[in-house]
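One structure is given below, encoded as structure tokens.
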Amino acid sequence: MLKENRRPWPRRPNLTPLRVFCAVLATGALALLCAVAYMEAHFRLAPETVEGYAGAAGPLAFTLRINTFRRDDLLRGALEHYSRCANVEEITVVWSDQARSPPDASGWSLAPEPRARVEFERHAADRLSNRFRPLKAPPTEAILSLDDDVLLDCRSLDRARDAWESAKSSLVGFSPRLHTWDPAQRRFTYRSWWYVYWTGRYSIMLTKCAFLHRDLLHRFHELPSDLVDFVDEQRNCEDILMAFVAARESRGAPPVWVGAVTRDSGDGGISSGSAHFDRRSECINYFAAHEWFRGAFLPVTSGKVVDARTRWTWAS
């Protein structure tokens, strides 16, 4: 009797969940690399073909107004950094210290001219509203209001300046905040950054780093004196008052948030006290009830300007 010569069945591979996961991950990574290589080969453009025409009208220059008070180390770091930004035409240091003269910046590592000129604007009184009180006409339409403890890279500033060009009546910046309405108490409440982070909504742009039109500086000091005096007496809320001014002048145009990595190295400022949020809520309610702002409101929005070249999901 002949024996059948049967071949043994091949052993089934041991497909553990980990091996399956690794195989899928490797396949996905390979597909991703192929997709990136295809896009690079077919759709990459030389920078001059995209951006070259933009230089015909000259750079998008702006004036930087930096607010400082007895923090010369922070001021020096800010001036040495921002004086090297190509589109900064002039840097005005708002100096409100009556007890001290401005520091000698001749030994600081400022960018040589014809880069940004640095001037100290000495005010006769120590008033918080001085940051919006230019003693001479700014040379550019665009003003960047800045605190001495905030640092951003120059490209982020240029992106914000570009965004401001399309929204000149708005405050365009990097530090949004939100206010909400309490129907039970019939009062507005000023909210912290975490409410913006969690909800994606905002209504106020802090002027610690924000672009605004120079005309808003004049409008600020055309306000009834009791509004400006309120800010100076409180030593707070000048940015909220400017938000109301912008909302009134633009007839309700929202602020614009520009996404960027911001380094804020200051501490011990007016925003560090335990009563800070209560005080700012009081400011919002005071301004909202004032006759000058009748009909004006702070619009809530959720838009954000980002650089599509650095966002993987930019098309989603």
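Each chain of the structure tokens is named A, B, ... in the order shown, its residues numbered from 1; ligands are numbered from 1 in display order.
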Skipping near chain neighbours, those fewer than 2 positions away, what residues fall within 7 Å of Asp97 in chain A using only C-alpha atoms, listed as a list of chain:residue names?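 In the requested format, the answer is A:Phe69, A:Trp95, A:Ala99, A:Arg100, A:Asp126.
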Within 10 Å of range 164-172 of chain A, counting only C-alpha atoms, which residues show up once you throw out same-chain ones fewer than 4 positions away? Write them as a PDB file with N, CA, C and O atoms, in the first residue's frame, please.
ATOM      1  N   LEU A  60       6.227  96.357   5.164  1.00  0.00           N
ATOM      2  CA  LEU A  60       5.076  96.716   5.988  1.00  0.00           C
ATOM      3  C   LEU A  60       5.589  97.281   7.310  1.00  0.00           C
ATOM      4  O   LEU A  60       5.594  96.609   8.334  1.00  0.00           O
ATOM      5  N   GLU A 141       1.242 104.268  10.110  1.00  0.00           N
ATOM      6  CA  GLU A 141      -0.150 103.998  10.472  1.00  0.00           C
ATOM      7  C   GLU A 141      -0.232 102.918  11.551  1.00  0.00           C
ATOM      8  O   GLU A 141      -1.001 103.017  12.498  1.00  0.00           O
ATOM      9  N   ALA A 142       0.547 101.852  11.354  1.00  0.00           N
ATOM     10  CA  ALA A 142       0.489 100.696  12.248  1.00  0.00           C
ATOM     11  C   ALA A 142       1.334 100.948  13.492  1.00  0.00           C
ATOM     12  O   ALA A 142       2.509 101.315  13.401  1.00  0.00           O
ATOM     13  N   LEU A 144       2.512  99.076  17.098  1.00  0.00           N
ATOM     14  CA  LEU A 144       2.561  97.881  17.940  1.00  0.00           C
ATOM     15  C   LEU A 144       2.722  98.327  19.381  1.00  0.00           C
ATOM     16  O   LEU A 144       3.768  98.855  19.770  1.00  0.00           O
ATOM     17  N   ASP A 158       5.646  90.209  11.824  1.00  0.00           N
ATOM     18  CA  ASP A 158       5.329  90.516  10.431  1.00  0.00           C
ATOM     19  C   ASP A 158       4.005  89.874  10.015  1.00  0.00           C
ATOM     20  O   ASP A 158       3.230  90.468   9.259  1.00  0.00           O
ATOM     21  N   ARG A 159       3.749  88.663  10.499  1.00  0.00           N
ATOM     22  CA  ARG A 159       2.492  88.001  10.165  1.00  0.00           C
ATOM     23  C   ARG A 159       1.310  88.754  10.774  1.00  0.00           C
ATOM     24  O   ARG A 159       0.262  88.929  10.134  1.00  0.00           O
ATOM     25  N   ALA A 160       1.482  89.226  11.999  1.00  0.00           N
ATOM     26  CA  ALA A 160       0.418  90.004  12.638  1.00  0.00           C
ATOM     27  C   ALA A 160       0.227  91.344  11.929  1.00  0.00           C
ATOM     28  O   ALA A 160      -0.912  91.805  11.747  1.00  0.00           O
ATOM     29  N   PRO A 176      -5.383  87.081  23.738  1.00  0.00           N
ATOM     30  CA  PRO A 176      -6.829  87.319  23.833  1.00  0.00           C
ATOM     31  C   PRO A 176      -7.385  86.990  25.211  1.00  0.00           C
ATOM     32  O   PRO A 176      -6.828  86.178  25.952  1.00  0.00           O
ATOM     33  N   ILE A 204     -11.617  90.348  23.864  1.00  0.00           N
ATOM     34  CA  ILE A 204     -10.688  91.428  24.227  1.00  0.00           C
ATOM     35  C   ILE A 204      -9.291  91.026  23.778  1.00  0.00           C
ATOM     36  O   ILE A 204      -8.890  89.861  23.951  1.00  0.00           O
ATOM     37  N   MET A 205      -8.554  91.968  23.201  1.00  0.00           N
ATOM     38  CA  MET A 205      -7.156  91.720  22.858  1.00  0.00           C
ATOM     39  C   MET A 205      -6.290  92.610  23.741  1.00  0.00           C
ATOM     40  O   MET A 205      -6.387  93.839  23.692  1.00  0.00           O
ATOM     41  N   LEU A 206      -5.469  91.997  24.577  1.00  0.00           N
ATOM     42  CA  LEU A 206      -4.612  92.767  25.475  1.00  0.00           C
ATOM     43  C   LEU A 206      -3.595  93.566  24.669  1.00  0.00           C
ATOM     44  O   LEU A 206      -2.971  93.046  23.741  1.00  0.00           O
ATOM     45  N   THR A 207      -3.386  94.799  25.055  1.00  0.00           N
ATOM     46  CA  THR A 207      -2.450  95.657  24.341  1.00  0.00           C
ATOM     47  C   THR A 207      -1.031  95.529  24.870  1.00  0.00           C
ATOM     48  O   THR A 207      -0.189  96.370  24.573  1.00  0.00           O
ATOM     49  N   CYS A 209       0.705  93.331  23.737  1.00  0.00           N
ATOM     50  CA  CYS A 209       1.342  93.034  22.457  1.00  0.00           C
ATOM     51  C   CYS A 209       0.254  92.987  21.387  1.00  0.00           C
ATOM     52  O   CYS A 209      -0.303  91.925  21.101  1.00  0.00           O
ATOM     53  N   ALA A 210      -0.057  94.137  20.819  1.00  0.00           N
ATOM     54  CA  ALA A 210      -1.150  94.211  19.843  1.00  0.00           C
ATOM     55  C   ALA A 210      -0.918  95.366  18.872  1.00  0.00           C
ATOM     56  O   ALA A 210      -0.384  96.419  19.246  1.00  0.00           O
ATOM     57  N   PHE A 211      -1.341  95.148  17.641  1.00  0.00           N
ATOM     58  CA  PHE A 211      -1.304  96.200  16.626  1.00  0.00           C
ATOM     59  C   PHE A 211      -2.610  96.989  16.669  1.00  0.00           C
ATOM     60  O   PHE A 211      -3.691  96.420  16.868  1.00  0.00           O
ATOM     61  N   LEU A 212      -2.480  98.292  16.456  1.00  0.00           N
ATOM     62  CA  LEU A 212      -3.645  99.157  16.359  1.00  0.00           C
ATOM     63  C   LEU A 212      -3.319 100.319  15.438  1.00  0.00           C
ATOM     64  O   LEU A 212      -2.136 100.614  15.185  1.00  0.00           O
ATOM     65  N   HIS A 213      -4.344 100.967  14.936  1.00  0.00           N
ATOM     66  CA  HIS A 213      -4.146 102.127  14.063  1.00  0.00           C
ATOM     67  C   HIS A 213      -3.784 103.337  14.914  1.00  0.00           C
ATOM     68  O   HIS A 213      -4.322 103.524  16.009  1.00  0.00           O
ATOM     69  N   ARG A 214      -2.897 104.173  14.399  1.00  0.00           N
ATOM     70  CA  ARG A 214      -2.478 105.345  15.181  1.00  0.00           C
ATOM     71  C   ARG A 214      -3.642 106.284  15.477  1.00  0.00           C
ATOM     72  O   ARG A 214      -3.604 107.028  16.459  1.00  0.00           O
ATOM     73  N   ASP A 215      -4.701 106.249  14.639  1.00  0.00           N
ATOM     74  CA  ASP A 215      -5.862 107.096  14.906  1.00  0.00           C
ATOM     75  C   ASP A 215      -6.531 106.730  16.225  1.00  0.00           C
ATOM     76  O   ASP A 215      -7.153 107.584  16.879  1.00  0.00           O
ATOM     77  N   LEU A 216      -6.420 105.453  16.637  1.00  0.00           N
ATOM     78  CA  LEU A 216      -7.024 105.050  17.904  1.00  0.00           C
ATOM     79  C   LEU A 216      -6.328 105.697  19.095  1.00  0.00           C
ATOM     80  O   LEU A 216      -6.939 105.903  20.145  1.00  0.00           O
ATOM     81  N   MET A 242      -9.241 100.667  25.712  1.00  0.00           N
ATOM     82  CA  MET A 242      -8.888 100.734  24.295  1.00  0.00           C
ATOM     83  C   MET A 242      -9.727  99.743  23.487  1.00  0.00           C
ATOM     84  O   MET A 242     -10.091 100.030  22.334  1.00  0.00           O
ATOM     85  N   ALA A 243     -10.062  98.584  24.061  1.00  0.00           N
ATOM     86  CA  ALA A 243     -10.925  97.633  23.364  1.00  0.00           C
ATOM     87  C   ALA A 243     -12.292  98.239  23.094  1.00  0.00           C
ATOM     88  O   ALA A 243     -12.877  98.053  22.017  1.00  0.00           O
ATOM     89  N   VAL A 245     -12.860 101.484  22.811  1.00  0.00           N
ATOM     90  CA  VAL A 245     -12.644 102.526  21.804  1.00  0.00           C
ATOM     91  C   VAL A 245     -12.625 101.907  20.407  1.00  0.00           C
ATOM     92  O   VAL A 245     -13.280 102.396  19.478  1.00  0.00           O
ATOM     93  N   ALA A 246     -11.880 100.809  20.250  1.00  0.00           N
ATOM     94  CA  ALA A 246     -11.795 100.144  18.947  1.00  0.00           C
ATOM     95  C   ALA A 246     -13.159  99.619  18.509  1.00  0.00           C
ATOM     96  O   ALA A 246     -13.535  99.720  17.332  1.00  0.00           O
ATOM     97  N   ALA A 247     -13.920  99.056  19.445  1.00  0.00           N
ATOM     98  CA  ALA A 247     -15.247  98.523  19.107  1.00  0.00           C
ATOM     99  C   ALA A 247     -16.180  99.649  18.671  1.00  0.00           C
ATOM    100  O   ALA A 247     -16.965  99.495  17.729  1.00  0.00           O
ATOM    101  N   ARG A 248     -16.077 100.792  19.343  1.00  0.00           N
ATOM    102  CA  ARG A 248     -16.943 101.932  18.988  1.00  0.00           C
ATOM    103  C   ARG A 248     -16.571 102.494  17.627  1.00  0.00           C
ATOM    104  O   ARG A 248     -17.450 102.778  16.792  1.00  0.00           O
ATOM    105  N   GLU A 249     -15.266 102.673  17.382  1.00  0.00           N
ATOM    106  CA  GLU A 249     -14.827 103.275  16.132  1.00  0.00           C
ATOM    107  C   GLU A 249     -15.056 102.348  14.942  1.00  0.00           C
ATOM    108  O   GLU A 249     -15.304 102.812  13.822  1.00  0.00           O
ATOM    109  N   SER A 250     -14.973 101.042  15.166  1.00  0.00           N
ATOM    110  CA  SER A 250     -15.145 100.073  14.069  1.00  0.00           C
ATOM    111  C   SER A 250     -16.579  99.606  13.918  1.00  0.00           C
ATOM    112  O   SER A 250     -16.866  98.781  13.055  1.00  0.00           O
ATOM    113  N   ARG A 251     -17.456 100.107  14.802  1.00  0.00           N
ATOM    114  CA  ARG A 251     -18.856  99.696  14.803  1.00  0.00           C
ATOM    115  C   ARG A 251     -19.014  98.194  15.005  1.00  0.00           C
ATOM    116  O   ARG A 251     -19.777  97.525  14.311  1.00  0.00           O
ATOM    117  N   GLY A 252     -18.248  97.688  15.938  1.00  0.00           N
ATOM    118  CA  GLY A 252     -18.431  96.305  16.356  1.00  0.00           C
ATOM    119  C   GLY A 252     -17.548  95.279  15.685  1.00  0.00           C
ATOM    120  O   GLY A 252     -17.802  94.078  15.812  1.00  0.00           O
ATOM    121  N   ALA A 253     -16.486  95.697  14.993  1.00  0.00           N
ATOM    122  CA  ALA A 253     -15.569  94.720  14.400  1.00  0.00           C
ATOM    123  C   ALA A 253     -14.813  93.992  15.511  1.00  0.00           C
ATOM    124  O   ALA A 253     -14.353  94.618  16.468  1.00  0.00           O
ATOM    125  N   PRO A 254     -14.674  92.673  15.416  1.00  0.00           N
ATOM    126  CA  PRO A 254     -14.015  91.925  16.493  1.00  0.00           C
ATOM    127  C   PRO A 254     -12.502  92.092  16.453  1.00  0.00           C
ATOM    128  O   PRO A 254     -11.933  92.457  15.410  1.00  0.00           O
ATOM    129  N   PRO A 255     -11.823  91.805  17.564  1.00  0.00           N
ATOM    130  CA  PRO A 255     -10.358  91.756  17.534  1.00  0.00           C
ATOM    131  C   PRO A 255      -9.898  90.534  16.747  1.00  0.00           C
ATOM    132  O   PRO A 255     -10.708  89.668  16.396  1.00  0.00           O
ATOM    133  N   VAL A 256      -8.614  90.469  16.475  1.00  0.00           N
ATOM    134  CA  VAL A 256      -8.042  89.368  15.693  1.00  0.00           C
ATOM    135  C   VAL A 256      -6.895  88.765  16.478  1.00  0.00           C
ATOM    136  O   VAL A 256      -5.959  89.466  16.869  1.00  0.00           O
ATOM    137  N   TRP A 257      -6.971  87.459  16.686  1.00  0.00           N
ATOM    138  CA  TRP A 257      -5.946  86.714  17.414  1.00  0.00           C
ATOM    139  C   TRP A 257      -4.966  86.096  16.424  1.00  0.00           C
ATOM    140  O   TRP A 257      -5.366  85.385  15.504  1.00  0.00           O
ATOM    141  N   VAL A 258      -3.685  86.359  16.626  1.00  0.00           N
ATOM    142  CA  VAL A 258      -2.629  85.786  15.794  1.00  0.00           C
ATOM    143  C   VAL A 258      -1.873  84.756  16.628  1.00  0.00           C
ATOM    144  O   VAL A 258      -1.366  85.067  17.710  1.00  0.00           O
ATOM    145  N   VAL A 305      -5.476  83.621  13.380  1.00  0.00           N
ATOM    146  CA  VAL A 305      -4.568  83.665  12.245  1.00  0.00           C
ATOM    147  C   VAL A 305      -3.348  82.807  12.560  1.00  0.00           C
ATOM    148  O   VAL A 305      -2.674  83.032  13.573  1.00  0.00           O
TER     149      VAL A 305
END
I need the residues in range 103-166 of chain A that are strand (DSSP E) according to DSSP; give them as a ChimeraX atom specification. /A:117-122,142-147,150-151
With C-alpha atoms retained, write the just-selected residues as an mmCIF file, in the first residue's frame.
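Saved as part.cif:
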data_model
loop_
_atom_site.group_PDB
_atom_site.id
_atom_site.type_symbol
_atom_site.label_atom_id
_atom_site.label_comp_id
_atom_site.auth_asym_id
_atom_site.auth_seq_id
_atom_site.Cartn_x
_atom_site.Cartn_y
_atom_site.Cartn_z
ATOM 1 C CA ARG A 117 15.477 104.381 15.619
ATOM 2 C CA VAL A 118 15.064 104.225 19.398
ATOM 3 C CA GLU A 119 13.637 107.268 21.161
ATOM 4 C CA PHE A 120 12.666 107.815 24.791
ATOM 5 C CA GLU A 121 9.356 109.633 25.192
ATOM 6 C CA ARG A 122 9.481 111.380 28.577
ATOM 7 C CA ALA A 142 0.489 100.696 12.248
ATOM 8 C CA ILE A 143 1.403 100.869 15.926
ATOM 9 C CA LEU A 144 2.561 97.881 17.940
ATOM 10 C CA SER A 145 1.738 98.433 21.601
ATOM 11 C CA LEU A 146 4.100 96.331 23.675
ATOM 12 C CA ASP A 147 5.121 95.645 27.267
ATOM 13 C CA VAL A 150 7.038 90.306 26.069
ATOM 14 C CA LEU A 151 9.256 88.789 23.384
#
So that I can check the surroundings of His218 in chain A, please list as number ranges by chain every protein, DNA and RNA residue that reaches within 9 Å of it, counting only C-alpha atoms and ignoring chain neighbours fewer than 4 positions away. A: 132-134, 214, 222
Could you pull out the alpha helix (DSSP H) residues of range 94-285 of chain A, going by DSSP on the backbone, and write them as a VMD selection string? chain A and resid 154 to 165 193 to 199 214 to 220 225 to 234 238 to 250 276 to 285
One decimal, in Å: what's the spacing between CA of Leu217 in chain A and CA of Ser302 in chain A?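 Distance reported for this atom pair: 25.8 Å.
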I'd like to know which of A:Ala31, A:Leu135, A:Leu157, A:Val36 is closest to Cys85 in chain A, using only C-alpha atoms. A:Leu157
For CA of Ser192 in chain A and CA of Ile240 in chain A, the interatomic separation in Å (one decimal): 13.5 Å
Tell me which of A:Gln234, A:Ser175, A:Ser101, A:Thr189 sits closest to Lys304 in chain A, counting only C-alpha atoms.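 Among the listed residues, A:Ser175 lies closest to Lys304 in chain A.
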Rounded to one decimal, what separation in Å do you get between CA of Pro112 in chain A and CA of Ser265 in chain A?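 Interatomic distance here is 25.8 Å.
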